[in-house]
Amino acid sequence: MKQKFNVTGMTCAACSARVEKCVAALDGIESVSVNLLTNSMQTEFSEEKLSETEIIAAVEKAGYGASIAEKEGKRSKEKKPEISDSFSVKARLIVSFAFMLPLMYVSMGHMIGLPLPSFLAGHSNAVSFAFTQLLLSLPVILVNFKFFKNGFASLFRGAPNMDTLIAVGSSASMLYGIFAIYRMSYGLGIGDMALVASYHENLYFESAVMILALITLGKFLEDRSKKKTGAALSALIDMSPKTATVIRGDKEIEIAADGVLVGDTVLIRPGSAVPVDGTVIEGYTDIDESAITGESLPVHKAIGDSVTGATINKTGFIKILATRVGDDTAFAKIIRLVEDANATKAPISRLADKIAGIFVPTVMGIAFVTFIIWFSLGSGFEFALTSAVSVLVISCPCALGLATPVAIMAGTGKGAEHGILIKSGEALERARDVDTVVLDKTGTITEGRPEVTDIIPFECEKSELLSIALTVEKKSEHPIAHAILEYAAKEKELQCKDFAAIPGRGVSAVIDGDICLGGAKKLLEENGISTAEFDPQLASLANAGKTPLFFSRGGRVIGIIAVADKIKSTSPGAINKLKELGIDVIMLTGDNKNTAEGIAKKLGITRAFSELLPEDKEKSVSALRAEGKCVAMVGDGINDAPALVSSDVGIAIGAGTDVAIESADIVLVKSDLSDVATAISLSRAVIRNIKQNLFWAFFYNCLGIPLAAGVFYPVLGWQLSPMFGAAAMSISSLFVVSNALRLRRFKNIKKAQKGDKQMTLKINGMMCMHCVAHVKKALESVDGVLSVEVDLKSGTAKVTGAAPADALRAAVINAGYEVVSVN
């Protein structure tokens, strides 16, 4: 069973490592991944051995809070604590700086010539001077007391974290300041002004307060930046429809969207969001599907068409029959996919996790050794204490803990914006290494809607051939069968029995006592029917990229019906982009060799596997991996599922089957092959960003800790003040988060290829968004078109690609519109 939990109380990578270690030790846990950025924990466990309550108890025993994550319908409630916590940090920040500034004036103002009140000036007023600083420090200590509460609690549990470093460092500074007050009081009492002077300028109250104030400032800025990394996911959640109007008992009632049931009739008025997935049963309209597909142009919907939740009804009034509701809607699944990806870790983060688990105890040990060494060398108690406190506050486990999750969240969020759903951090990392992309032909490279192109009867009438074809293909679910059925719909259907579908070969049936076959050449040959004499026709059809289907009756060939599946307009450009990224492109198909080679030649694909059964696709992918290649498989059908699973990275076309989508690591919502290159480029950008973050986190601590410990003091005279150490710690975390935010500027790599051009067509006759959709579809159908943007207001269409102007003009005219000019 998989279950997600919310975890509270974590402040750094040491905390998340502690939680993960405690839960992983439970009997029955199969996998656990704790995400510091989202304060969440993704688990997979055996229900027979373990319960959710026991997992929560283990987290609480480790010193943190846990609860089962809410479902999608309750997300708005989840945001309140986040807002409240953000306000709390802001309030703490204001109080901290409100008291820190006068404290800094009192403690250091006189060093730069600023006047002090007479009752605070001079060694004779040293106790008043120190006591004033103590009073100004107490409010800052109180509002930031959570650092001390959590820090010392973690220390006593034997699992120190970042709060422990802050608490120990600040406490040491405060205790030394209080100790100094007593020493100065003693000095004034016995008249030893030299003793008073030695403590007067070394109180360290300002260091304790500065540490807390700067850490709080860093947390405030870090929280704001982290929210930006999740902006894409937040925007998705905000799009979720809140209410729906349904018909119950002949009455229209408005209910919460998650209250809609399968089978309900839902009313959707113009301007309203579609609350659930369903099928139009009344009316027609244009639907803005940009939230799901990223496409800006509305899509026309009429009776029988499906609509998706979270899309917007632009024009007409429609009624839909709810088919998928709640967590089963396509939109809820998109949100869940993005969230699950955010909750997972990339393998690259494992080293950081291991270091984070021992980081804080190691730093505390270094601080203790630093104090002992400097004090033993006679450098004085103050110098030794300063160095030890600086080590504690400069160390930054946060940077280590945030390096991976902030980049993954920013990357998966950006992917979602482009209609690319990445299911896990592991898939994101693997996609970076892809050097070979294997493409299924039907539905991936092509439209997936074959059309009959040629009818070639042998020793029979055309009508007889079509009748036989109609009859034997009637019960087939294959797309080619649908094309034949559509073409031969007006022909007479014969009586048949003993229908059988032969995977990868074709179909058979008995008509009037004769065995009739329809399908590939191999089907006939396996049944002892010779096809050698038809090889010239086969070669001619195959070279044209058409798929020939043989039909036989009673052991003799009666004809060939050729079908062709049109290549998608985006496929040529997408394949070129993959090549530009240095990726080999290979095509898999169940078509015969000649047809496959004809299509491959058109697309510039140098390697194609043909005549494959479903299991052969999986074997082909495994063979490529055995050659040492990192393989991404792109497919859309049930028959692609085994190959998707066996590949290094499975990529499913969003318009494909649920089985293919479930089997894949990445889902392309827009069903655009160009997004394969975008997904790989995004993966490379994210992993590069993670490496930069990890380098900075390691580099910062490797340089900062020796500097704070005073390693460079004997040679260069460098001693780091605790307040500068606290500032450096905050900056380190902020740097990591800000670097991840650069991923928000990632651009979709769709671009014109060499030789492509942009043309603007001035078009008359477009009256509504239906016209826009028709013109766009007509232009996209022209070979060589990369992208189309149609604007109703200006009556223009901007086309990018290598298609000739005459072909574009003809396409628009054939669609029923007038082309005024082409520029």
# chains A, B, ... in the order shown; residues from 1 in each chain; ligands from 1

$ residues_around --residues "A:Val819" --least-positions-apart "3" --cutoff "9 Å" --atoms "only C-alpha atoms" --output "ChimeraX atom specification"
/A:761-764,809-810,812-813,822

$ write_last_selection --atoms "all heavy atoms" --output "mmCIF file, in the first residue's frame"
data_model
loop_
_atom_site.group_PDB
_atom_site.id
_atom_site.type_symbol
_atom_site.label_atom_id
_atom_site.label_comp_id
_atom_site.auth_asym_id
_atom_site.auth_seq_id
_atom_site.Cartn_x
_atom_site.Cartn_y
_atom_site.Cartn_z
ATOM 1 N N LEU A 761 -0.594 34.512 -43.062
ATOM 2 C CA LEU A 761 -1.664 34.453 -44.034
ATOM 3 C C LEU A 761 -2.803 35.363 -43.587
ATOM 4 O O LEU A 761 -3.249 35.270 -42.432
ATOM 5 C CB LEU A 761 -2.206 33.025 -44.191
ATOM 6 C CG LEU A 761 -1.349 32.003 -44.951
ATOM 7 C CD1 LEU A 761 -0.143 31.574 -44.134
ATOM 8 C CD2 LEU A 761 -2.194 30.784 -45.315
ATOM 9 N N LYS A 762 -3.255 36.249 -44.464
ATOM 10 C CA LYS A 762 -4.437 37.079 -44.206
ATOM 11 C C LYS A 762 -5.636 36.315 -44.749
ATOM 12 O O LYS A 762 -5.689 35.978 -45.938
ATOM 13 C CB LYS A 762 -4.295 38.439 -44.899
ATOM 14 C CG LYS A 762 -5.469 39.377 -44.661
ATOM 15 C CD LYS A 762 -5.537 39.841 -43.218
ATOM 16 C CE LYS A 762 -6.664 40.850 -43.008
ATOM 17 N NZ LYS A 762 -6.818 41.218 -41.599
ATOM 18 N N ILE A 763 -6.611 36.010 -43.867
ATOM 19 C CA ILE A 763 -7.711 35.118 -44.225
ATOM 20 C C ILE A 763 -9.053 35.805 -44.024
ATOM 21 O O ILE A 763 -9.297 36.413 -42.965
ATOM 22 C CB ILE A 763 -7.648 33.830 -43.376
ATOM 23 C CG1 ILE A 763 -6.300 33.120 -43.596
ATOM 24 C CG2 ILE A 763 -8.800 32.890 -43.711
ATOM 25 C CD1 ILE A 763 -6.046 31.996 -42.626
ATOM 26 N N ASN A 764 -9.913 35.699 -45.010
ATOM 27 C CA ASN A 764 -11.290 36.204 -44.913
ATOM 28 C C ASN A 764 -12.242 35.043 -44.672
ATOM 29 O O ASN A 764 -12.035 33.940 -45.173
ATOM 30 C CB ASN A 764 -11.709 36.926 -46.200
ATOM 31 C CG ASN A 764 -11.186 38.359 -46.246
ATOM 32 O OD1 ASN A 764 -10.730 38.894 -45.227
ATOM 33 N ND2 ASN A 764 -11.244 38.972 -47.412
ATOM 34 N N ARG A 809 -1.927 27.921 -48.819
ATOM 35 C CA ARG A 809 -3.072 28.618 -49.421
ATOM 36 C C ARG A 809 -4.160 27.598 -49.811
ATOM 37 O O ARG A 809 -5.346 27.789 -49.535
ATOM 38 C CB ARG A 809 -2.610 29.406 -50.652
ATOM 39 C CG ARG A 809 -3.718 30.244 -51.312
ATOM 40 C CD ARG A 809 -3.221 30.812 -52.629
ATOM 41 N NE ARG A 809 -2.093 31.723 -52.444
ATOM 42 C CZ ARG A 809 -2.236 33.032 -52.200
ATOM 43 N NH1 ARG A 809 -3.449 33.562 -52.127
ATOM 44 N NH2 ARG A 809 -1.173 33.792 -52.065
ATOM 45 N N ALA A 810 -3.739 26.497 -50.443
ATOM 46 C CA ALA A 810 -4.685 25.477 -50.882
ATOM 47 C C ALA A 810 -5.422 24.847 -49.701
ATOM 48 O O ALA A 810 -6.627 24.574 -49.774
ATOM 49 C CB ALA A 810 -3.946 24.401 -51.682
ATOM 50 N N VAL A 812 -6.168 26.192 -46.797
ATOM 51 C CA VAL A 812 -7.170 27.124 -46.251
ATOM 52 C C VAL A 812 -8.382 27.205 -47.181
ATOM 53 O O VAL A 812 -9.537 27.206 -46.736
ATOM 54 C CB VAL A 812 -6.551 28.512 -46.033
ATOM 55 C CG1 VAL A 812 -7.617 29.518 -45.586
ATOM 56 C CG2 VAL A 812 -5.441 28.442 -44.982
ATOM 57 N N ILE A 813 -8.123 27.282 -48.482
ATOM 58 C CA ILE A 813 -9.216 27.361 -49.464
ATOM 59 C C ILE A 813 -10.074 26.108 -49.407
ATOM 60 O O ILE A 813 -11.313 26.174 -49.439
ATOM 61 C CB ILE A 813 -8.653 27.592 -50.889
ATOM 62 C CG1 ILE A 813 -8.009 28.986 -50.974
ATOM 63 C CG2 ILE A 813 -9.749 27.436 -51.934
ATOM 64 C CD1 ILE A 813 -7.266 29.242 -52.259
ATOM 65 N N VAL A 822 -0.301 36.136 -48.586
ATOM 66 C CA VAL A 822 0.660 35.326 -47.829
ATOM 67 C C VAL A 822 1.967 36.098 -47.771
ATOM 68 O O VAL A 822 2.573 36.385 -48.800
ATOM 69 C CB VAL A 822 0.899 33.946 -48.488
ATOM 70 C CG1 VAL A 822 1.896 33.136 -47.660
ATOM 71 C CG2 VAL A 822 -0.402 33.183 -48.637
#

$ residues_around --residues "A:Leu792" --least-positions-apart "2" --cutoff "7 Å" --atoms "only C-alpha atoms" --output "PyMOL selection string"
chain A and resi 766+772+790+794-796

$ write_last_selection --atoms "all heavy atoms" --output "PDB file, in the first residue's frame"
ATOM      1  N   MET A 766     -13.417  33.971 -41.503  1.00  0.00           N
ATOM      2  CA  MET A 766     -13.444  33.406 -40.147  1.00  0.00           C
ATOM      3  C   MET A 766     -14.391  34.243 -39.285  1.00  0.00           C
ATOM      4  O   MET A 766     -14.185  35.449 -39.126  1.00  0.00           O
ATOM      5  CB  MET A 766     -12.039  33.379 -39.541  1.00  0.00           C
ATOM      6  CG  MET A 766     -11.082  32.430 -40.209  1.00  0.00           C
ATOM      7  SD  MET A 766      -9.557  32.141 -39.266  1.00  0.00           S
ATOM      8  CE  MET A 766      -8.855  33.802 -39.224  1.00  0.00           C
ATOM      9  N   VAL A 772     -11.696  29.325 -36.458  1.00  0.00           N
ATOM     10  CA  VAL A 772     -10.284  29.325 -36.070  1.00  0.00           C
ATOM     11  C   VAL A 772      -9.767  27.898 -35.960  1.00  0.00           C
ATOM     12  O   VAL A 772      -8.679  27.563 -36.444  1.00  0.00           O
ATOM     13  CB  VAL A 772     -10.098  30.077 -34.732  1.00  0.00           C
ATOM     14  CG1 VAL A 772      -8.684  29.860 -34.192  1.00  0.00           C
ATOM     15  CG2 VAL A 772     -10.370  31.559 -34.908  1.00  0.00           C
ATOM     16  N   VAL A 790      -3.478  31.040 -34.990  1.00  0.00           N
ATOM     17  CA  VAL A 790      -4.559  31.705 -35.728  1.00  0.00           C
ATOM     18  C   VAL A 790      -5.219  32.736 -34.818  1.00  0.00           C
ATOM     19  O   VAL A 790      -5.572  32.418 -33.668  1.00  0.00           O
ATOM     20  CB  VAL A 790      -5.608  30.687 -36.219  1.00  0.00           C
ATOM     21  CG1 VAL A 790      -6.686  31.391 -37.050  1.00  0.00           C
ATOM     22  CG2 VAL A 790      -4.945  29.586 -37.049  1.00  0.00           C
ATOM     23  N   SER A 794      -7.631  39.627 -35.832  1.00  0.00           N
ATOM     24  CA  SER A 794      -6.901  40.211 -36.957  1.00  0.00           C
ATOM     25  C   SER A 794      -7.129  39.458 -38.255  1.00  0.00           C
ATOM     26  O   SER A 794      -6.742  39.913 -39.330  1.00  0.00           O
ATOM     27  CB  SER A 794      -5.396  40.246 -36.639  1.00  0.00           C
ATOM     28  OG  SER A 794      -4.894  38.925 -36.478  1.00  0.00           O
ATOM     29  N   GLY A 795      -7.741  38.263 -38.162  1.00  0.00           N
ATOM     30  CA  GLY A 795      -7.991  37.461 -39.351  1.00  0.00           C
ATOM     31  C   GLY A 795      -6.716  36.959 -39.985  1.00  0.00           C
ATOM     32  O   GLY A 795      -6.602  36.895 -41.213  1.00  0.00           O
ATOM     33  N   THR A 796      -5.735  36.578 -39.145  1.00  0.00           N
ATOM     34  CA  THR A 796      -4.445  36.115 -39.665  1.00  0.00           C
ATOM     35  C   THR A 796      -4.067  34.759 -39.077  1.00  0.00           C
ATOM     36  O   THR A 796      -4.557  34.360 -38.021  1.00  0.00           O
ATOM     37  CB  THR A 796      -3.320  37.122 -39.332  1.00  0.00           C
ATOM     38  OG1 THR A 796      -3.233  37.257 -37.894  1.00  0.00           O
ATOM     39  CG2 THR A 796      -3.592  38.467 -39.975  1.00  0.00           C
TER      40      THR A 796
END

$ select_by_dssp --residues "stretch 17-210 of chain A" --states "helix (DSSP H, G or I)" --output "VMD selection string"
chain A and resid 17 to 24 52 to 61 72 to 112 118 to 120 123 to 143 145 to 156 162 to 190 193 to 200 205 to 210

$ residues_around --residues "stretch 95-98 of chain A" --least-positions-apart "5" --cutoff "8 Å" --atoms "only C-alpha atoms" --output "PyMOL selection string"
chain A and resi 139-140+143+209+212-213

$ select_by_dssp --residues "stretch 356-578 of chain A" --states "strand (DSSP E)" --output "ChimeraX atom specification"
/A:420-422,436-440,451-457,497-502,506-511,514-519,547-553,556-564

$ residues_around --residues "A:Lys619" --least-positions-apart "5" --cutoff "12 Å" --atoms "only C-alpha atoms" --output "PyMOL selection string"
chain A and resi 588+609+612-614+624-626+640+642-647

$ atom_distance --atom1 "atom CA of A:Leu707" --atom2 "atom CA of A:Leu720"
6.8 Å

$ closest_residue --among "A:Val391, A:Leu50, A:Ile455, A:Val510" --to "A:Pro548" --atoms "only C-alpha atoms"
A:Ile455

$ residues_around --residues "stretch 154-163 of chain A" --least-positions-apart "2" --cutoff "6 Å" --atoms "only C-alpha atoms" --output "list in words"
Cys12, Ala14, Phe147, Gly151, Phe152, Leu165, Ile166, Ala167 and Val360 of chain A

$ residues_around --residues "A:Glu52" --least-positions-apart "4" --cutoff "12 Å" --atoms "only C-alpha atoms" --output "PDB file with N, CA, C and O atoms, in the first residue's frame"
ATOM      1  N   MET A   1       0.844  -1.198   0.000  1.00  0.00           N
ATOM      2  CA  MET A   1       0.000   0.000   0.000  1.00  0.00           C
ATOM      3  C   MET A   1       0.877   1.245   0.000  1.00  0.00           C
ATOM      4  O   MET A   1       1.877   1.323   0.714  1.00  0.00           O
ATOM      5  N   LYS A   2       0.473   2.202  -0.810  1.00  0.00           N
ATOM      6  CA  LYS A   2       1.178   3.476  -0.826  1.00  0.00           C
ATOM      7  C   LYS A   2       0.386   4.500  -0.021  1.00  0.00           C
ATOM      8  O   LYS A   2      -0.838   4.560  -0.122  1.00  0.00           O
ATOM      9  N   GLN A   3       1.083   5.308   0.797  1.00  0.00           N
ATOM     10  CA  GLN A   3       0.405   6.334   1.578  1.00  0.00           C
ATOM     11  C   GLN A   3       1.335   7.532   1.775  1.00  0.00           C
ATOM     12  O   GLN A   3       2.526   7.370   2.028  1.00  0.00           O
ATOM     13  N   LYS A   4       0.761   8.703   1.646  1.00  0.00           N
ATOM     14  CA  LYS A   4       1.527   9.927   1.853  1.00  0.00           C
ATOM     15  C   LYS A   4       1.151  10.530   3.198  1.00  0.00           C
ATOM     16  O   LYS A   4      -0.020  10.537   3.581  1.00  0.00           O
ATOM     17  N   PHE A   5       2.158  11.037   3.916  1.00  0.00           N
ATOM     18  CA  PHE A   5       1.943  11.653   5.225  1.00  0.00           C
ATOM     19  C   PHE A   5       2.487  13.080   5.216  1.00  0.00           C
ATOM     20  O   PHE A   5       3.473  13.370   4.536  1.00  0.00           O
ATOM     21  N   VAL A  23      11.434   5.476  10.336  1.00  0.00           N
ATOM     22  CA  VAL A  23      10.331   4.798   9.644  1.00  0.00           C
ATOM     23  C   VAL A  23      10.846   3.592   8.862  1.00  0.00           C
ATOM     24  O   VAL A  23      10.205   2.540   8.817  1.00  0.00           O
ATOM     25  N   LEU A  26      10.980   0.174  10.564  1.00  0.00           N
ATOM     26  CA  LEU A  26       9.755  -0.552  10.912  1.00  0.00           C
ATOM     27  C   LEU A  26       9.620  -1.815  10.065  1.00  0.00           C
ATOM     28  O   LEU A  26       9.891  -1.803   8.865  1.00  0.00           O
ATOM     29  N   GLY A  28       7.846  -4.196   7.790  1.00  0.00           N
ATOM     30  CA  GLY A  28       6.730  -4.049   6.864  1.00  0.00           C
ATOM     31  C   GLY A  28       6.874  -2.882   5.912  1.00  0.00           C
ATOM     32  O   GLY A  28       6.150  -2.776   4.924  1.00  0.00           O
ATOM     33  N   ILE A  29       7.842  -2.001   6.212  1.00  0.00           N
ATOM     34  CA  ILE A  29       8.090  -0.857   5.318  1.00  0.00           C
ATOM     35  C   ILE A  29       8.882  -1.333   4.101  1.00  0.00           C
ATOM     36  O   ILE A  29       9.929  -1.977   4.239  1.00  0.00           O
ATOM     37  N   GLN A  42       6.509   9.991   1.707  1.00  0.00           N
ATOM     38  CA  GLN A  42       5.853   9.012   0.834  1.00  0.00           C
ATOM     39  C   GLN A  42       6.297   7.624   1.282  1.00  0.00           C
ATOM     40  O   GLN A  42       7.503   7.353   1.369  1.00  0.00           O
ATOM     41  N   THR A  43       5.330   6.753   1.566  1.00  0.00           N
ATOM     42  CA  THR A  43       5.674   5.416   2.053  1.00  0.00           C
ATOM     43  C   THR A  43       4.991   4.345   1.213  1.00  0.00           C
ATOM     44  O   THR A  43       3.958   4.578   0.592  1.00  0.00           O
ATOM     45  N   GLU A  44       5.595   3.177   1.224  1.00  0.00           N
ATOM     46  CA  GLU A  44       4.978   1.984   0.654  1.00  0.00           C
ATOM     47  C   GLU A  44       5.206   0.863   1.653  1.00  0.00           C
ATOM     48  O   GLU A  44       6.348   0.606   2.047  1.00  0.00           O
ATOM     49  N   PHE A  45       4.119   0.236   2.113  1.00  0.00           N
ATOM     50  CA  PHE A  45       4.260  -0.754   3.177  1.00  0.00           C
ATOM     51  C   PHE A  45       3.229  -1.869   3.034  1.00  0.00           C
ATOM     52  O   PHE A  45       2.249  -1.752   2.294  1.00  0.00           O
ATOM     53  N   SER A  46       3.483  -2.934   3.761  1.00  0.00           N
ATOM     54  CA  SER A  46       2.584  -4.085   3.755  1.00  0.00           C
ATOM     55  C   SER A  46       1.507  -3.878   4.820  1.00  0.00           C
ATOM     56  O   SER A  46       1.815  -3.715   6.004  1.00  0.00           O
ATOM     57  N   GLU A  47       0.252  -3.868   4.403  1.00  0.00           N
ATOM     58  CA  GLU A  47      -0.855  -3.658   5.345  1.00  0.00           C
ATOM     59  C   GLU A  47      -0.976  -4.814   6.331  1.00  0.00           C
ATOM     60  O   GLU A  47      -1.550  -4.653   7.418  1.00  0.00           O
ATOM     61  N   GLU A  48      -0.460  -5.976   5.965  1.00  0.00           N
ATOM     62  CA  GLU A  48      -0.548  -7.131   6.852  1.00  0.00           C
ATOM     63  C   GLU A  48       0.387  -7.002   8.051  1.00  0.00           C
ATOM     64  O   GLU A  48       0.130  -7.545   9.119  1.00  0.00           O
ATOM     65  N   ILE A  56       2.795   6.683  12.026  1.00  0.00           N
ATOM     66  CA  ILE A  56       2.679   7.999  12.678  1.00  0.00           C
ATOM     67  C   ILE A  56       3.348   7.962  14.058  1.00  0.00           C
ATOM     68  O   ILE A  56       4.058   8.891  14.444  1.00  0.00           O
ATOM     69  N   ALA A  57       3.140   6.866  14.779  1.00  0.00           N
ATOM     70  CA  ALA A  57       3.752   6.729  16.114  1.00  0.00           C
ATOM     71  C   ALA A  57       5.272   6.738  16.032  1.00  0.00           C
ATOM     72  O   ALA A  57       5.949   7.329  16.893  1.00  0.00           O
ATOM     73  N   ALA A  58       5.830   6.107  14.995  1.00  0.00           N
ATOM     74  CA  ALA A  58       7.289   6.075  14.826  1.00  0.00           C
ATOM     75  C   ALA A  58       7.835   7.473  14.570  1.00  0.00           C
ATOM     76  O   ALA A  58       8.898   7.843  15.088  1.00  0.00           O
ATOM     77  N   VAL A  59       7.114   8.244  13.774  1.00  0.00           N
ATOM     78  CA  VAL A  59       7.544   9.630  13.501  1.00  0.00           C
ATOM     79  C   VAL A  59       7.478  10.459  14.777  1.00  0.00           C
ATOM     80  O   VAL A  59       8.388  11.240  15.079  1.00  0.00           O
ATOM     81  N   ALA A  66       3.142  13.855  12.652  1.00  0.00           N
ATOM     82  CA  ALA A  66       2.775  13.251  11.372  1.00  0.00           C
ATOM     83  C   ALA A  66       1.274  13.070  11.302  1.00  0.00           C
ATOM     84  O   ALA A  66       0.607  12.854  12.319  1.00  0.00           O
ATOM     85  N   SER A  67       0.764  13.170  10.080  1.00  0.00           N
ATOM     86  CA  SER A  67      -0.661  12.925   9.838  1.00  0.00           C
ATOM     87  C   SER A  67      -0.822  12.471   8.399  1.00  0.00           C
ATOM     88  O   SER A  67       0.022  12.750   7.541  1.00  0.00           O
ATOM     89  N   ILE A  68      -1.900  11.743   8.119  1.00  0.00           N
ATOM     90  CA  ILE A  68      -2.167  11.278   6.760  1.00  0.00           C
ATOM     91  C   ILE A  68      -2.488  12.484   5.891  1.00  0.00           C
ATOM     92  O   ILE A  68      -3.267  13.355   6.286  1.00  0.00           O
ATOM     93  N   ALA A  69      -1.881  12.556   4.716  1.00  0.00           N
ATOM     94  CA  ALA A  69      -2.092  13.687   3.814  1.00  0.00           C
ATOM     95  C   ALA A  69      -3.539  13.718   3.355  1.00  0.00           C
ATOM     96  O   ALA A  69      -4.162  12.680   3.127  1.00  0.00           O
TER      97      ALA A  69
END

$ residues_around --residues "stretch 244-254 of chain A" --least-positions-apart "4" --cutoff "10 Å" --atoms "only C-alpha atoms" --output "ChimeraX atom specification"
/A:258-261,264-269,272-276,319-322

$ write_last_selection --atoms "C-alpha atoms" --output "mmCIF file, in the first residue's frame"
data_model
loop_
_atom_site.group_PDB
_atom_site.id
_atom_site.type_symbol
_atom_site.label_atom_id
_atom_site.label_comp_id
_atom_site.auth_asym_id
_atom_site.auth_seq_id
_atom_site.Cartn_x
_atom_site.Cartn_y
_atom_site.Cartn_z
ATOM 1 C CA ASP A 258 -16.255 16.527 -5.009
ATOM 2 C CA GLY A 259 -19.903 15.671 -4.313
ATOM 3 C CA VAL A 260 -20.666 14.849 -7.958
ATOM 4 C CA LEU A 261 -21.362 11.152 -8.533
ATOM 5 C CA ASP A 264 -24.952 12.593 -12.547
ATOM 6 C CA THR A 265 -26.158 15.069 -15.149
ATOM 7 C CA VAL A 266 -24.057 18.229 -14.779
ATOM 8 C CA LEU A 267 -25.048 21.628 -16.214
ATOM 9 C CA ILE A 268 -22.222 23.830 -17.473
ATOM 10 C CA ARG A 269 -22.961 27.422 -18.430
ATOM 11 C CA SER A 272 -17.991 28.091 -15.960
ATOM 12 C CA ALA A 273 -15.357 25.479 -15.222
ATOM 13 C CA VAL A 274 -16.102 21.862 -16.064
ATOM 14 C CA PRO A 275 -16.165 20.225 -12.603
ATOM 15 C CA VAL A 276 -15.669 16.556 -13.609
ATOM 16 C CA LYS A 319 -25.148 19.145 -20.210
ATOM 17 C CA ILE A 320 -22.709 16.353 -19.516
ATOM 18 C CA LEU A 321 -22.969 12.884 -18.050
ATOM 19 C CA ALA A 322 -20.326 12.505 -15.329
#

$ atom_distance --atom1 "atom CA of A:Gly717" --atom2 "atom CA of A:Ile366"
20.1 Å

$ closest_residue --among "A:Ile287, A:Ile480, A:Ile422, A:Val472" --to "A:Asp565" --atoms "only C-alpha atoms"
A:Ile480

$ closest_residue --among "A:Asp783, A:Asp514, A:Asp27, A:Asp665" --to "A:Pro804" --atoms "only C-alpha atoms"
A:Asp783
